[in-house]
$ cat structure11.cif   # mmCIF, C-alpha atoms
data_input
loop_
_atom_site.group_PDB
_atom_site.id
_atom_site.type_symbol
_atom_site.label_atom_id
_atom_site.label_comp_id
_atom_site.auth_asym_id
_atom_site.auth_seq_id
_atom_site.Cartn_x
_atom_site.Cartn_y
_atom_site.Cartn_z
ATOM 1 C CA MET A 1 -30.723 21.071 29.604
ATOM 2 C CA PRO A 2 -29.373 17.651 30.639
ATOM 3 C CA GLU A 3 -25.796 17.177 31.791
ATOM 4 C CA PRO A 4 -23.452 16.333 28.904
ATOM 5 C CA ARG A 5 -22.547 12.688 28.430
ATOM 6 C CA THR A 6 -18.825 12.183 29.092
ATOM 7 C CA LEU A 7 -16.448 10.155 26.951
ATOM 8 C CA ASP A 8 -13.055 9.533 28.541
ATOM 9 C CA ALA A 9 -10.460 9.241 25.768
ATOM 10 C CA SER A 10 -7.494 9.747 28.098
ATOM 11 C CA GLY A 11 -4.323 8.034 26.940
ATOM 12 C CA LEU A 12 -5.581 7.608 23.375
ATOM 13 C CA LYS A 13 -3.774 9.119 20.392
ATOM 14 C CA CYS A 14 -5.179 10.572 17.177
ATOM 15 C CA PRO A 15 -7.462 9.578 15.527
ATOM 16 C CA VAL A 16 -8.994 7.357 18.231
ATOM 17 C CA PRO A 17 -10.584 10.169 20.336
ATOM 18 C CA ILE A 18 -12.370 11.516 17.221
ATOM 19 C CA VAL A 19 -13.482 8.050 16.105
ATOM 20 C CA ARG A 20 -14.920 7.260 19.540
ATOM 21 C CA ALA A 21 -16.486 10.714 19.860
ATOM 22 C CA LYS A 22 -18.254 10.383 16.494
ATOM 23 C CA LYS A 23 -19.715 7.009 17.453
ATOM 24 C CA GLU A 24 -20.837 8.318 20.856
ATOM 25 C CA ILE A 25 -22.297 11.647 19.687
ATOM 26 C CA ASP A 26 -24.240 10.004 16.870
ATOM 27 C CA SER A 27 -26.090 7.999 19.550
ATOM 28 C CA LEU A 28 -27.201 11.198 21.328
ATOM 29 C CA PRO A 29 -30.420 13.088 20.579
ATOM 30 C CA VAL A 30 -30.078 16.241 18.458
ATOM 31 C CA GLY A 31 -29.164 19.213 20.642
ATOM 32 C CA GLU A 32 -27.329 17.178 23.287
ATOM 33 C CA VAL A 33 -23.679 17.809 24.166
ATOM 34 C CA LEU A 34 -20.856 15.285 24.415
ATOM 35 C CA ARG A 35 -17.979 16.089 26.777
ATOM 36 C CA VAL A 36 -14.755 14.430 25.603
ATOM 37 C CA ILE A 37 -11.753 14.184 27.916
ATOM 38 C CA ALA A 38 -8.450 13.670 26.089
ATOM 39 C CA THR A 39 -4.777 13.777 27.033
ATOM 40 C CA ASP A 40 -3.415 14.098 23.490
ATOM 41 C CA PRO A 41 -2.504 17.768 22.871
ATOM 42 C CA GLY A 42 -3.209 17.203 19.179
ATOM 43 C CA SER A 43 -6.869 16.647 20.042
ATOM 44 C CA VAL A 44 -7.403 20.415 20.322
ATOM 45 C CA LEU A 45 -6.822 21.011 16.612
ATOM 46 C CA ASP A 46 -8.300 17.608 15.695
ATOM 47 C CA PHE A 47 -11.689 18.480 17.225
ATOM 48 C CA GLN A 48 -11.649 21.975 15.715
ATOM 49 C CA GLY A 49 -10.988 20.511 12.272
ATOM 50 C CA TRP A 50 -13.531 17.714 12.662
ATOM 51 C CA VAL A 51 -16.440 20.051 13.418
ATOM 52 C CA LYS A 52 -15.385 22.395 10.586
ATOM 53 C CA THR A 53 -15.700 19.508 8.122
ATOM 54 C CA ASN A 54 -19.179 18.669 9.495
ATOM 55 C CA PRO A 55 -20.735 22.067 10.350
ATOM 56 C CA SER A 56 -24.302 20.944 9.719
ATOM 57 C CA LYS A 57 -23.958 17.976 12.125
ATOM 58 C CA TYR A 58 -21.706 19.168 14.959
ATOM 59 C CA GLU A 59 -20.858 22.355 16.838
ATOM 60 C CA LEU A 60 -17.825 22.825 19.083
ATOM 61 C CA VAL A 61 -19.301 24.720 22.030
ATOM 62 C CA GLY A 62 -16.167 24.830 24.166
ATOM 63 C CA GLN A 63 -12.667 23.623 24.846
ATOM 64 C CA GLU A 64 -10.724 23.857 28.081
ATOM 65 C CA GLN A 65 -7.538 22.572 29.598
ATOM 66 C CA GLY A 66 -7.067 21.039 33.042
ATOM 67 C CA ARG A 67 -5.345 18.257 34.978
ATOM 68 C CA ASP A 68 -6.506 14.756 35.874
ATOM 69 C CA ALA A 69 -5.875 12.732 39.045
ATOM 70 C CA GLN A 70 -2.495 11.597 37.669
ATOM 71 C CA ALA A 71 -1.501 15.267 37.077
ATOM 72 C CA ARG A 72 -1.644 14.794 33.300
ATOM 73 C CA THR A 73 -2.777 17.735 31.194
ATOM 74 C CA THR A 74 -6.296 17.116 29.956
ATOM 75 C CA TYR A 75 -8.159 18.680 27.065
ATOM 76 C CA ILE A 76 -11.938 18.900 27.401
ATOM 77 C CA HIS A 77 -13.980 19.217 24.201
ATOM 78 C CA LEU A 78 -17.707 20.004 24.306
ATOM 79 C CA VAL A 79 -19.442 19.060 21.066
ATOM 80 C CA ARG A 80 -23.163 19.552 20.354
ATOM 81 C CA ARG A 81 -25.030 17.318 17.925
ATOM 82 C CA LYS A 82 -26.911 19.558 15.468
ATOM 83 C CA ALA A 83 -28.409 16.934 13.140
#
$ encode --input "structure11.cif" --output "structure tokens"
Amino acid sequence: MPEPRTLDASGLKCPVPIVRAKKEIDSLPVGEVLRVIATDPGSVLDFQGWVKTNPSKYELVGQEQGRDAQARTTYIHLVRRKA
């Protein structure tokens, strides 16, 4: 399994991380995972809702929280392209 492609959406507010993620993941082969890094706490529910509205196309395979080099809270979303 290849390493996930990473999209850095740090500093961007809703809906920009979702818009950029959709464009990026649609360029990936089916089965590949996109790793999205966001700093907007609203992105957690945004990504959960987005994949629920597109269950045949996308699967949320994980979410985690961390810190970046500037000590900002980051939200990592792992989304698999299903179709």
$ atom_distance --input "structure11.cif" --atom1 "atom CA of Glu59 of chain A" --atom2 "atom CA of Arg72 of chain A"
26.4 Å
$ residues_around --input "structure11.cif" --residues "Val36 of chain A" --least-positions-apart "2" --cutoff "12 Å" --atoms "only C-alpha atoms" --output "ChimeraX atom specification"
/A:4-10,12,16-22,24-25,33-34,38-40,43-44,47,60-65,74-80
$ atom_distance --input "structure11.cif" --atom1 "atom CA of Pro29 of chain A" --atom2 "atom CA of Gly42 of chain A"
27.6 Å
$ atom_distance --input "structure11.cif" --atom1 "atom CA of Asp46 of chain A" --atom2 "atom CA of Ala83 of chain A"
20.3 Å
$ axis_aligned_box --input "structure11.cif" --around "segment 62-68 of chain A" --padding-each-side "3 Å" --output "AutoDock Vina command-line options"
--center_x -10.8 --center_y 19.8 --center_z 30.0 --size_x 16.8 --size_y 16.1 --size_z 17.7
$ closest_residue --input "structure11.cif" --among "A:Lys23, A:Arg35, A:Lys52, A:Arg81" --to "Glu3 of chain A" --atoms "all atoms listed in the file"
A:Arg35
$ closest_residue --input "structure11.cif" --among "A:Gly49, A:Gly11, A:Gly31, A:Pro55" --to "Thr73 of chain A" --atoms "all atoms listed in the file"
A:Gly11
$ closest_residue --input "structure11.cif" --among "A:Gly66, A:Leu45, A:Tyr58, A:Ala71" --to "Cys14 of chain A" --atoms "only C-alpha atoms"
A:Leu45
